[in-house]
Structures are given as C-alpha cells and as structure tokens.
Amino acid sequence: MKEENHKKGIMGGTFDPIHNGHLMLAESALKQFELDDILFLPAGNPPHKQGRHDGADAEQRLAMVRLAISGHPHFILDDEEMHRHGLTYTRDTLLRLKAKEPDTEYYFIIGADSLMAFDTWYQPEDICKYCSLIVAGRDGADESILRQKTEKLRREFHASIFFLDAPKVNISSTSLRSLCREKRPIRDFVPDAVAGYIEEHGIYS
Ligand code: ATP
Ligand code: MG
C-alpha cells in the first residue's frame, strides 16, 4: 500500500515580532488543509524590507519565534534563511525544501497583502511549481481586487491558490512596534513569553 505524501505548511515572515495573527493563521491552515506540520521560516534579509531600522535584530526575531511556537507539536522552526548571507528569496527556500523532501507537498501560507504583491517576488512562476498558496484575508485587502489577482496568478503562473476559511485577525507587527514605542501593552496580541522577551530586552521602545 502506498503511503500518502506528507503535507507541510510554510509560514514565512519577518516576524518583527511574531504575533497571534501568525499563530492563528498557522493553526487554521493546519486544520483546514489537514497538514502534518507547519514550518516557521523567519526571513534573514528579505528584499522588500531593506532599510528597516526600528526593529529587532535577527537573533531576537528568531528567539521570539522559538518562544511563540515552543510546545506546539506541529509547529517547527526552520532557521536556515537566517544564517544565509545576502538577500533571501522564497523561490530558493522552496528549492532547498523540495530537494530535501521531493515527495512532500508544500503549502505556502500568506496574508492577502502578500498575495497582492506576489508577482513582484523573485521568479513567482517557479514558486508556483513547488508549492500551493494558502491565502488569509486581511484588513485593507479588497475582496474583488483579491479575486482578480487570484485569477491572474492562476492564468499566468498556473498558481494553485486556496483560501483560508477563518475570521480576519486585525494584528500587524507594524502596529505592535508602534504600541511598544508608545509604551502601551501588547499582551493581548502576542504570546506571554514573547511580550516578556520584548519587555526584558527593551525591543521597539
Ligand atoms: P509588518 O507589519 O512588519 O509587515 P506583519 O504583521 O505583516 O508585519 P509579516 O512577518 O510581514 O507580519 O507577515 C508574514 C506573513 O503573515 C505575510 O504573508 C503576512 O501577509 C501574513 N500576516 C501577518 N499578519 C497577518 C494577519 N493579521 N492576517 C493575515 N495575514 C497576516
Ligand atoms: Mg507584513
């Protein structure tokens, strides 16, 4: 009897900081698409986030992801991108994962804002060859424009795109960084261990 292929979700992000939105997205995708595991991939030096200077450093972002997912049996940290030099591209990451596990089906989990920018990513057609996309709604992303974009990506890149069936979560790392700067509490939006780490290290203040 042939064993079924493994199905893995990928949550890529700057995670500056990781927040409950990321975790809820991952949890919903795990259930809805019956994934075996979710890989959390903190970006090392993403091309679209050059010149940031109000954020945590790479080690701190990694530490926060570790704290946020520790104890979850199906959330796995993959910190390979962090240790690379130069810019990191999702396409190269997928090539690496596919080379390691050619039979695993990968599902890249992204928010609607990322889908809207997807065709500006490095070699989007390649990305679509190696994984499906799971898209979560996000405030600020217009439904009908999102549908049009989806159709265009399906046409141009043969993208396999699914939508996450979960309520929108109104949290962004950007808004958390500004709450911290204003010395306002963020405990409702991140795991306690992450809030503790941010306070202890005085990040974003
Ligand atoms: P920033 O404000 O710094 O861009 P962010 O909250 O968007 O941070 P990222 O690390 O950029 O977090 O996000 C990683 C991925 O998770 C992206 O694909 C993004 O669209 C998605 N994402 C993050 N937060 C949410 C959310 N609340 N709802 C849906 N998708 C989200
Ligand atoms: Mg973002």
# chains A, B, ... in the order shown; residues from 1 in each chain; ligands from 1

$ select_by_dssp --residues "region 5-194 of chain A" --states "helix (DSSP H, G or I)" --output "short mmCIF file (atom, residue, chain, number, x, y, z; two decimals) with C-alpha atoms, in the first residue's frame"
data_model
loop_
_atom_site.label_atom_id
_atom_site.label_comp_id
_atom_site.auth_asym_id
_atom_site.auth_seq_id
_atom_site.Cartn_x
_atom_site.Cartn_y
_atom_site.Cartn_z
CA ASN A 20 -1.14 35.91 17.41
CA GLY A 21 -2.20 36.65 13.82
CA HIS A 22 0.65 34.48 12.51
CA LEU A 23 -0.13 31.73 15.01
CA MET A 24 -3.87 31.71 14.31
CA LEU A 25 -3.19 31.60 10.57
CA ALA A 26 -0.92 28.60 11.03
CA GLU A 27 -3.38 26.83 13.33
CA SER A 28 -6.32 27.35 10.95
CA ALA A 29 -4.31 26.17 7.93
CA LEU A 30 -3.13 23.08 9.82
CA LYS A 31 -6.75 22.08 10.50
CA GLN A 32 -8.47 23.12 7.28
CA PRO A 47 14.49 42.15 -0.37
CA HIS A 48 11.23 44.00 0.33
CA LYS A 49 12.20 45.00 3.85
CA ALA A 58 17.86 38.68 13.59
CA GLU A 59 18.72 36.76 16.77
CA GLN A 60 15.90 38.45 18.68
CA ARG A 61 13.36 37.72 15.93
CA LEU A 62 14.46 34.11 15.99
CA ALA A 63 14.25 33.91 19.79
CA MET A 64 10.70 35.28 19.71
CA VAL A 65 9.59 32.71 17.12
CA ARG A 66 11.14 29.98 19.24
CA LEU A 67 9.25 31.17 22.33
CA ALA A 68 5.98 31.54 20.44
CA ILE A 69 5.91 28.04 18.97
CA GLU A 80 18.16 28.20 7.63
CA GLU A 81 17.33 31.51 5.91
CA MET A 82 18.59 33.45 8.88
CA HIS A 83 22.06 32.06 8.54
CA THR A 90 11.28 32.35 -1.22
CA ARG A 91 11.98 30.60 -4.50
CA ASP A 92 15.41 29.45 -3.29
CA THR A 93 13.97 28.33 0.02
CA LEU A 94 11.42 26.17 -1.78
CA LEU A 95 14.11 24.64 -3.97
CA ARG A 96 16.02 23.71 -0.84
CA LEU A 97 12.97 22.18 0.85
CA LYS A 98 11.93 20.27 -2.26
CA ALA A 99 15.46 18.92 -2.71
CA LYS A 100 15.37 17.56 0.83
CA ALA A 112 -3.88 38.85 1.31
CA ASP A 113 -1.40 41.76 1.32
CA SER A 114 1.36 39.34 0.32
CA LEU A 115 -0.77 37.81 -2.42
CA MET A 116 -1.31 41.27 -3.90
CA PHE A 118 3.17 38.10 -5.19
CA ASP A 119 4.07 38.84 -8.80
CA THR A 120 6.85 41.16 -7.66
CA PRO A 124 6.92 33.66 -8.99
CA GLU A 125 6.34 31.05 -11.67
CA ASP A 126 8.96 28.81 -10.05
CA ILE A 127 7.40 29.31 -6.64
CA CYS A 128 4.07 28.13 -8.08
CA LYS A 129 5.74 24.99 -9.40
CA TYR A 130 6.93 23.96 -5.98
CA GLU A 143 -12.20 41.24 -1.87
CA SER A 144 -12.88 41.84 -5.56
CA ILE A 145 -9.35 43.05 -6.31
CA LEU A 146 -8.09 39.97 -4.48
CA ARG A 147 -10.24 37.69 -6.66
CA GLN A 148 -8.97 39.38 -9.82
CA LYS A 149 -5.40 38.98 -8.66
CA THR A 150 -6.02 35.32 -7.90
CA GLU A 151 -7.38 34.68 -11.39
CA LYS A 152 -4.42 36.47 -12.95
CA LEU A 153 -1.91 34.38 -10.98
CA ARG A 154 -3.76 31.18 -11.90
CA ARG A 155 -3.66 32.17 -15.57
CA GLU A 156 -0.10 33.44 -15.74
CA PHE A 157 1.73 31.10 -13.41
CA SER A 173 3.84 43.68 13.56
CA THR A 174 3.94 47.32 12.46
CA SER A 175 1.11 48.25 14.82
CA LEU A 176 2.74 46.27 17.65
CA ARG A 177 6.03 48.10 17.17
CA SER A 178 4.23 51.43 17.47
CA LEU A 179 2.31 50.30 20.57
CA CYS A 180 5.68 49.43 22.15
CA ARG A 181 7.15 52.81 21.22
CA ASP A 192 3.00 35.98 27.03
CA ALA A 193 6.54 34.67 26.59
CA VAL A 194 7.04 36.97 23.59
#

$ residues_around --residues "region 71-75 of chain A" --least-positions-apart "3" --cutoff "7 Å" --atoms "only C-alpha atoms" --output "list in words"
Asp36, Asp37, Ile38 and Leu39 of chain A

$ atom_distance --atom1 "atom 7 (O, counted along the ligand's line) of ligand 1" --atom2 "CA of Thr14 (chain A)"
7.9 Å

$ atom_distance --atom1 "CA of Asp188 (chain A)" --atom2 "CA of Glu200 (chain A)"
17.3 Å

$ select_by_dssp --residues "region 37-138 of chain A" --states "strand (DSSP E)" --output "ChimeraX atom specification"
/A:37-42,75-77,105-111,131-136

$ closest_residue --among "A:Gly137, A:Phe108, A:Ile198, A:Pro191" --to "Pro167 (chain A)" --atoms "only C-alpha atoms"
A:Gly137
